$ cat my_file-v1.txt   # compact mmCIF, N, CA and C atoms
# COMPACT_ATOMS: atom_id res chain seq x y z
N MET A 1 58.47 -54.42 11.70
CA MET A 1 57.08 -54.48 11.88
C MET A 1 56.61 -53.37 12.80
N ALA A 2 57.39 -53.07 13.76
CA ALA A 2 57.07 -51.98 14.66
C ALA A 2 57.03 -50.69 13.88
N GLU A 3 57.87 -50.64 12.91
CA GLU A 3 57.92 -49.43 12.09
C GLU A 3 56.65 -49.33 11.24
N GLN A 4 56.19 -50.46 10.75
CA GLN A 4 54.99 -50.49 9.94
C GLN A 4 53.77 -50.15 10.79
N LYS A 5 53.78 -50.66 12.02
CA LYS A 5 52.70 -50.37 12.94
C LYS A 5 52.69 -48.90 13.27
N SER A 6 53.81 -48.34 13.47
CA SER A 6 53.96 -46.92 13.80
C SER A 6 53.49 -46.08 12.62
N THR A 7 53.80 -46.51 11.43
CA THR A 7 53.38 -45.79 10.23
C THR A 7 51.88 -45.88 10.09
N LYS A 8 51.31 -47.05 10.36
CA LYS A 8 49.86 -47.19 10.27
C LYS A 8 49.18 -46.33 11.32
N GLN A 9 49.76 -46.29 12.52
CA GLN A 9 49.18 -45.45 13.58
C GLN A 9 49.28 -43.98 13.20
N THR A 10 50.42 -43.61 12.62
CA THR A 10 50.61 -42.24 12.20
C THR A 10 49.62 -41.91 11.09
N ASP A 11 49.47 -42.85 10.15
CA ASP A 11 48.52 -42.62 9.06
C ASP A 11 47.10 -42.54 9.60
N ALA A 12 46.77 -43.37 10.55
CA ALA A 12 45.43 -43.35 11.14
C ALA A 12 45.22 -42.06 11.90
N LYS A 13 46.29 -41.63 12.60
CA LYS A 13 46.20 -40.38 13.37
C LYS A 13 46.03 -39.20 12.42
N VAL A 14 46.78 -39.19 11.32
CA VAL A 14 46.69 -38.12 10.33
C VAL A 14 45.31 -38.14 9.69
N LYS A 15 44.82 -39.38 9.41
CA LYS A 15 43.51 -39.51 8.79
C LYS A 15 42.44 -39.00 9.75
N THR A 16 42.54 -39.33 11.03
CA THR A 16 41.59 -38.89 12.03
C THR A 16 41.66 -37.38 12.20
N GLU A 17 42.87 -36.85 12.25
CA GLU A 17 43.04 -35.40 12.36
C GLU A 17 42.50 -34.71 11.11
N GLY A 18 42.70 -35.30 9.96
CA GLY A 18 42.20 -34.76 8.70
C GLY A 18 40.68 -34.75 8.68
N GLN A 19 40.12 -35.86 9.18
CA GLN A 19 38.67 -35.92 9.24
C GLN A 19 38.12 -34.88 10.22
N GLN A 20 38.83 -34.73 11.34
CA GLN A 20 38.43 -33.74 12.35
C GLN A 20 38.51 -32.34 11.74
N THR A 21 39.59 -32.06 11.04
CA THR A 21 39.76 -30.77 10.40
C THR A 21 38.69 -30.56 9.34
N LEU A 22 38.40 -31.60 8.59
CA LEU A 22 37.37 -31.53 7.55
C LEU A 22 36.00 -31.26 8.18
N ARG A 23 35.69 -31.92 9.29
CA ARG A 23 34.44 -31.70 9.99
C ARG A 23 34.36 -30.26 10.52
N GLU A 24 35.44 -29.79 11.09
CA GLU A 24 35.46 -28.42 11.61
C GLU A 24 35.28 -27.41 10.47
N THR A 25 35.97 -27.68 9.37
CA THR A 25 35.86 -26.79 8.22
C THR A 25 34.43 -26.81 7.67
N ALA A 26 33.85 -27.99 7.54
CA ALA A 26 32.48 -28.11 7.05
C ALA A 26 31.50 -27.44 8.00
N SER A 27 31.75 -27.62 9.29
CA SER A 27 30.88 -26.99 10.29
C SER A 27 30.99 -25.46 10.22
N THR A 28 32.20 -24.96 10.10
CA THR A 28 32.42 -23.52 9.98
C THR A 28 31.78 -23.00 8.71
N TRP A 29 31.97 -23.74 7.62
CA TRP A 29 31.39 -23.32 6.33
C TRP A 29 29.86 -23.31 6.42
N THR A 30 29.28 -24.34 7.04
CA THR A 30 27.83 -24.42 7.21
C THR A 30 27.33 -23.26 8.07
N GLU A 31 28.02 -22.98 9.15
CA GLU A 31 27.64 -21.88 10.04
C GLU A 31 27.73 -20.54 9.30
N THR A 32 28.77 -20.38 8.51
CA THR A 32 28.93 -19.14 7.73
C THR A 32 27.78 -19.00 6.73
N LEU A 33 27.43 -20.09 6.06
CA LEU A 33 26.31 -20.05 5.12
C LEU A 33 25.00 -19.74 5.85
N ARG A 34 24.80 -20.32 7.02
CA ARG A 34 23.60 -20.06 7.81
C ARG A 34 23.52 -18.58 8.20
N GLU A 35 24.64 -18.02 8.64
CA GLU A 35 24.67 -16.60 9.01
C GLU A 35 24.41 -15.71 7.78
N ALA A 36 25.02 -16.06 6.64
CA ALA A 36 24.82 -15.28 5.42
C ALA A 36 23.35 -15.35 4.99
N ALA A 37 22.74 -16.54 5.07
CA ALA A 37 21.34 -16.70 4.71
C ALA A 37 20.45 -15.88 5.66
N GLY A 38 20.80 -15.87 6.95
CA GLY A 38 20.05 -15.06 7.91
C GLY A 38 20.16 -13.58 7.60
N THR A 39 21.37 -13.14 7.26
CA THR A 39 21.58 -11.73 6.91
C THR A 39 20.80 -11.37 5.66
N ILE A 40 20.82 -12.25 4.66
CA ILE A 40 20.07 -12.01 3.42
C ILE A 40 18.57 -11.96 3.72
N ALA A 41 18.10 -12.89 4.55
CA ALA A 41 16.67 -12.91 4.89
C ALA A 41 16.28 -11.64 5.64
N ASP A 42 17.12 -11.21 6.60
CA ASP A 42 16.83 -9.98 7.34
C ASP A 42 16.80 -8.78 6.41
N SER A 43 17.76 -8.73 5.48
CA SER A 43 17.79 -7.63 4.51
C SER A 43 16.56 -7.65 3.62
N ALA A 44 16.15 -8.84 3.20
CA ALA A 44 14.97 -8.96 2.34
C ALA A 44 13.71 -8.51 3.09
N VAL A 45 13.60 -8.89 4.35
CA VAL A 45 12.44 -8.48 5.15
C VAL A 45 12.44 -6.96 5.34
N ALA A 46 13.61 -6.40 5.65
CA ALA A 46 13.70 -4.94 5.83
C ALA A 46 13.37 -4.22 4.53
N LEU A 47 13.85 -4.74 3.41
CA LEU A 47 13.55 -4.16 2.10
C LEU A 47 12.06 -4.23 1.81
N GLN A 48 11.46 -5.37 2.10
CA GLN A 48 10.03 -5.53 1.88
C GLN A 48 9.24 -4.56 2.76
N ASP A 49 9.66 -4.38 4.00
CA ASP A 49 8.99 -3.42 4.89
C ASP A 49 9.07 -2.01 4.32
N ARG A 50 10.25 -1.63 3.83
CA ARG A 50 10.41 -0.29 3.24
C ARG A 50 9.54 -0.15 1.99
N ASN A 51 9.47 -1.20 1.18
CA ASN A 51 8.63 -1.16 -0.02
C ASN A 51 7.15 -1.01 0.34
N VAL A 52 6.72 -1.70 1.37
CA VAL A 52 5.32 -1.60 1.80
C VAL A 52 5.05 -0.18 2.31
N GLU A 53 5.96 0.37 3.11
CA GLU A 53 5.79 1.74 3.61
C GLU A 53 5.75 2.73 2.45
N TYR A 54 6.62 2.55 1.47
CA TYR A 54 6.66 3.45 0.31
C TYR A 54 5.35 3.36 -0.47
N ALA A 55 4.90 2.13 -0.73
CA ALA A 55 3.65 1.95 -1.47
C ALA A 55 2.47 2.56 -0.70
N GLN A 56 2.47 2.37 0.62
CA GLN A 56 1.39 2.93 1.43
C GLN A 56 1.43 4.46 1.39
N SER A 57 2.61 5.04 1.43
CA SER A 57 2.70 6.51 1.38
C SER A 57 2.25 7.02 0.01
N LEU A 58 2.57 6.30 -1.06
CA LEU A 58 2.10 6.70 -2.39
C LEU A 58 0.58 6.65 -2.47
N ILE A 59 0.00 5.60 -1.92
CA ILE A 59 -1.46 5.46 -1.94
C ILE A 59 -2.10 6.57 -1.11
N ASP A 60 -1.54 6.82 0.08
CA ASP A 60 -2.08 7.88 0.93
C ASP A 60 -2.00 9.24 0.25
N GLN A 61 -0.86 9.52 -0.37
CA GLN A 61 -0.70 10.79 -1.08
C GLN A 61 -1.69 10.90 -2.24
N SER A 62 -1.90 9.80 -2.94
CA SER A 62 -2.84 9.80 -4.07
C SER A 62 -4.25 10.10 -3.59
N PHE A 63 -4.65 9.45 -2.49
CA PHE A 63 -5.99 9.71 -1.96
C PHE A 63 -6.13 11.14 -1.46
N ASP A 64 -5.08 11.66 -0.80
CA ASP A 64 -5.12 13.05 -0.34
C ASP A 64 -5.26 13.99 -1.53
N GLN A 65 -4.53 13.71 -2.60
CA GLN A 65 -4.59 14.56 -3.79
C GLN A 65 -5.98 14.47 -4.44
N LEU A 66 -6.53 13.27 -4.50
CA LEU A 66 -7.88 13.11 -5.06
C LEU A 66 -8.92 13.86 -4.23
N GLU A 67 -8.79 13.79 -2.92
CA GLU A 67 -9.73 14.52 -2.05
C GLU A 67 -9.60 16.01 -2.27
N SER A 68 -8.37 16.49 -2.38
CA SER A 68 -8.13 17.91 -2.59
C SER A 68 -8.71 18.35 -3.93
N GLN A 69 -8.46 17.58 -4.98
CA GLN A 69 -8.97 17.94 -6.30
C GLN A 69 -10.50 17.88 -6.34
N THR A 70 -11.08 16.92 -5.65
CA THR A 70 -12.54 16.82 -5.59
C THR A 70 -13.12 18.04 -4.89
N ALA A 71 -12.49 18.46 -3.80
CA ALA A 71 -12.97 19.65 -3.08
C ALA A 71 -12.86 20.89 -3.98
N LYS A 72 -11.75 21.01 -4.72
CA LYS A 72 -11.58 22.16 -5.62
C LYS A 72 -12.64 22.14 -6.72
N LEU A 73 -12.89 20.96 -7.30
CA LEU A 73 -13.91 20.84 -8.35
C LEU A 73 -15.30 21.20 -7.81
N HIS A 74 -15.58 20.75 -6.60
CA HIS A 74 -16.87 21.07 -5.98
C HIS A 74 -17.00 22.58 -5.76
N GLU A 75 -15.93 23.18 -5.28
CA GLU A 75 -15.92 24.63 -5.07
C GLU A 75 -16.10 25.37 -6.40
N THR A 76 -15.39 24.93 -7.43
CA THR A 76 -15.50 25.56 -8.75
C THR A 76 -16.92 25.39 -9.31
N PHE A 77 -17.50 24.21 -9.16
CA PHE A 77 -18.86 23.97 -9.63
C PHE A 77 -19.85 24.91 -8.92
N ASN A 78 -19.70 25.03 -7.59
CA ASN A 78 -20.59 25.93 -6.84
C ASN A 78 -20.44 27.37 -7.30
N THR A 79 -19.20 27.80 -7.55
CA THR A 79 -18.96 29.16 -8.03
C THR A 79 -19.62 29.36 -9.40
N LEU A 80 -19.45 28.39 -10.29
CA LEU A 80 -20.06 28.50 -11.62
C LEU A 80 -21.59 28.52 -11.53
N MET A 81 -22.14 27.71 -10.64
CA MET A 81 -23.60 27.70 -10.47
C MET A 81 -24.09 29.05 -9.94
N ALA A 82 -23.35 29.64 -9.00
CA ALA A 82 -23.74 30.95 -8.46
C ALA A 82 -23.65 32.01 -9.55
N GLN A 83 -22.58 31.96 -10.35
CA GLN A 83 -22.44 32.93 -11.44
C GLN A 83 -23.54 32.72 -12.47
N SER A 84 -23.90 31.47 -12.73
CA SER A 84 -24.96 31.18 -13.69
C SER A 84 -26.29 31.75 -13.20
N ALA A 85 -26.56 31.60 -11.92
CA ALA A 85 -27.80 32.15 -11.35
C ALA A 85 -27.80 33.67 -11.46
N LYS A 86 -26.67 34.30 -11.21
CA LYS A 86 -26.57 35.76 -11.34
C LYS A 86 -26.80 36.18 -12.79
N ARG A 87 -26.23 35.42 -13.73
CA ARG A 87 -26.42 35.74 -15.15
C ARG A 87 -27.88 35.61 -15.55
N ARG A 88 -28.54 34.55 -15.08
CA ARG A 88 -29.96 34.38 -15.40
C ARG A 88 -30.79 35.53 -14.85
N ALA A 89 -30.49 35.92 -13.61
CA ALA A 89 -31.23 37.04 -13.00
C ALA A 89 -30.98 38.32 -13.78
N ALA A 90 -29.75 38.56 -14.18
CA ALA A 90 -29.43 39.76 -14.96
C ALA A 90 -30.13 39.71 -16.31
N PHE A 91 -30.17 38.54 -16.94
CA PHE A 91 -30.85 38.40 -18.23
C PHE A 91 -32.35 38.66 -18.08
N ARG A 92 -32.97 38.11 -17.00
CA ARG A 92 -34.39 38.37 -16.76
C ARG A 92 -34.66 39.85 -16.60
N ASN A 93 -33.81 40.53 -15.84
CA ASN A 93 -33.97 41.98 -15.66
C ASN A 93 -33.83 42.72 -16.99
N LEU A 94 -32.86 42.29 -17.79
CA LEU A 94 -32.65 42.92 -19.09
C LEU A 94 -33.88 42.72 -19.98
N VAL A 95 -34.44 41.51 -19.98
CA VAL A 95 -35.63 41.24 -20.79
C VAL A 95 -36.80 42.10 -20.31
N ARG A 96 -36.98 42.18 -18.98
CA ARG A 96 -38.07 43.00 -18.43
C ARG A 96 -37.92 44.46 -18.83
N GLU A 97 -36.70 44.97 -18.67
CA GLU A 97 -36.44 46.37 -19.01
C GLU A 97 -36.65 46.61 -20.51
N THR A 98 -36.18 45.67 -21.33
CA THR A 98 -36.35 45.80 -22.77
C THR A 98 -37.82 45.77 -23.15
N PHE A 99 -38.56 44.85 -22.55
CA PHE A 99 -40.00 44.76 -22.82
C PHE A 99 -40.72 46.04 -22.38
N ALA A 100 -40.35 46.52 -21.18
CA ALA A 100 -40.98 47.75 -20.69
C ALA A 100 -40.66 48.92 -21.61
N ALA A 101 -39.41 49.00 -22.08
CA ALA A 101 -39.03 50.08 -23.00
C ALA A 101 -39.76 49.94 -24.32
N SER A 102 -39.94 48.70 -24.81
CA SER A 102 -40.66 48.47 -26.07
C SER A 102 -42.12 48.86 -25.93
N VAL A 103 -42.74 48.48 -24.84
CA VAL A 103 -44.15 48.83 -24.61
C VAL A 103 -44.28 50.34 -24.50
N SER A 104 -43.34 50.94 -23.78
CA SER A 104 -43.37 52.40 -23.64
C SER A 104 -43.18 53.08 -25.00
N ALA A 105 -42.26 52.53 -25.81
CA ALA A 105 -42.02 53.11 -27.13
C ALA A 105 -43.25 52.95 -28.04
N MET A 106 -43.97 51.83 -27.91
CA MET A 106 -45.17 51.63 -28.72
C MET A 106 -46.33 52.49 -28.20
N ALA A 107 -46.34 52.72 -26.91
CA ALA A 107 -47.44 53.50 -26.33
C ALA A 107 -47.29 55.00 -26.62
N THR A 108 -46.09 55.45 -26.84
CA THR A 108 -45.86 56.88 -27.05
C THR A 108 -46.58 57.41 -28.28
N PRO A 109 -46.51 56.80 -29.46
CA PRO A 109 -47.24 57.34 -30.61
C PRO A 109 -48.76 57.33 -30.38
N THR A 110 -49.26 56.30 -29.72
CA THR A 110 -50.69 56.24 -29.44
C THR A 110 -51.08 57.38 -28.52
N LYS A 111 -50.25 57.62 -27.54
CA LYS A 111 -50.50 58.72 -26.59
C LYS A 111 -50.55 60.05 -27.33
N PHE A 112 -49.56 60.27 -28.21
CA PHE A 112 -49.55 61.52 -28.98
C PHE A 112 -50.77 61.62 -29.90
N TYR A 113 -51.16 60.49 -30.50
CA TYR A 113 -52.33 60.46 -31.38
C TYR A 113 -53.58 60.82 -30.58
N ARG A 114 -53.76 60.24 -29.40
CA ARG A 114 -54.94 60.54 -28.59
C ARG A 114 -54.96 62.01 -28.16
N GLU A 115 -53.77 62.51 -27.77
CA GLU A 115 -53.72 63.92 -27.37
C GLU A 115 -54.02 64.83 -28.56
N ALA A 116 -53.51 64.48 -29.73
CA ALA A 116 -53.78 65.28 -30.93
C ALA A 116 -55.25 65.19 -31.29
N LEU A 117 -55.86 64.00 -31.21
CA LEU A 117 -57.27 63.82 -31.51
C LEU A 117 -58.13 64.61 -30.53
N LYS A 118 -57.76 64.56 -29.26
CA LYS A 118 -58.49 65.29 -28.24
C LYS A 118 -58.41 66.78 -28.51
N SER A 119 -57.23 67.23 -28.88
CA SER A 119 -57.03 68.65 -29.19
C SER A 119 -57.86 69.07 -30.40
N VAL A 120 -57.91 68.22 -31.42
CA VAL A 120 -58.68 68.51 -32.64
C VAL A 120 -60.17 68.53 -32.28
N GLN A 121 -60.62 67.61 -31.44
CA GLN A 121 -62.03 67.57 -31.06
C GLN A 121 -62.39 68.82 -30.26
N GLU A 122 -61.50 69.23 -29.38
CA GLU A 122 -61.77 70.43 -28.59
C GLU A 122 -61.81 71.65 -29.49
N SER A 123 -60.95 71.67 -30.47
CA SER A 123 -60.95 72.79 -31.43
C SER A 123 -62.24 72.77 -32.25
N ALA A 124 -62.64 71.58 -32.66
CA ALA A 124 -63.86 71.45 -33.46
C ALA A 124 -65.07 71.82 -32.62
N ASP A 125 -65.09 71.42 -31.38
CA ASP A 125 -66.19 71.75 -30.50
C ASP A 125 -66.26 73.25 -30.24
N SER A 126 -65.13 73.91 -30.10
CA SER A 126 -65.14 75.35 -29.87
C SER A 126 -65.53 76.08 -31.14
N VAL A 127 -65.26 75.57 -32.31
CA VAL A 127 -65.67 76.20 -33.56
C VAL A 127 -67.16 75.98 -33.75
N ASN A 128 -67.68 74.88 -33.44
CA ASN A 128 -69.09 74.56 -33.59
C ASN A 128 -69.94 75.24 -32.53
N ALA A 129 -69.41 75.63 -31.53
CA ALA A 129 -70.17 76.23 -30.46
C ALA A 129 -70.39 77.68 -30.65
$ encode --input "my_file-v1.txt" --output "structure tokens"
Amino acid sequence: MAEQKSTKQTDAKVKTEGQQTLRETASTWTETLREAAGTIADSAVALQDRNVEYAQSLIDQSFDQLESQTAKLHETFNTLMAQSAKRRAAFRNLVRETFAASVSAMATPTKFYREALKSVQESADSVNA
């Protein structure tokens, strides 16, 4: 009976030690999972921060590029408007010069006709006199 009692005590001791080992193992496993989850969460937060910074830099670059292109378009528009004004002024001058030349060309035959008529009248007056 003493042997049976000793065996039961040994079995109880082994069972208690087994439970203790199981608790320690479960505790270690739980702690390891907690640390792994913390590491994953930290990595996810760091990744999200980098993604936000990247997205913000893309947006900033896009706005900078839009501002630059808008300034270039404005500059090009102003240049075209200035050239257009110069072209209009040149066209006005060309029309004026053309009109003046046309009037001058039309006036020339009349001028010659008047001079010829005056000359004929003077000749006729000198013959009649």
$ axis_aligned_box --input "my_file-v1.txt" --around "segment 57-67 of chain A" --padding-each-side "5 Å" --output "lines of an AutoDock Vina configuration file"
center_x = -3.5
center_y = 10.5
center_z = -1.8
size_x = 22.4
size_y = 21.0
size_z = 16.5
$ atom_distance --input "my_file-v1.txt" --atom1 "atom N of Glu17 of chain A" --atom2 "atom N of Thr32 of chain A"
22.0 Å
$ atom_distance --input "my_file-v1.txt" --atom1 "atom CA of Leu22 of chain A" --atom2 "atom N of Thr39 of chain A"
24.4 Å
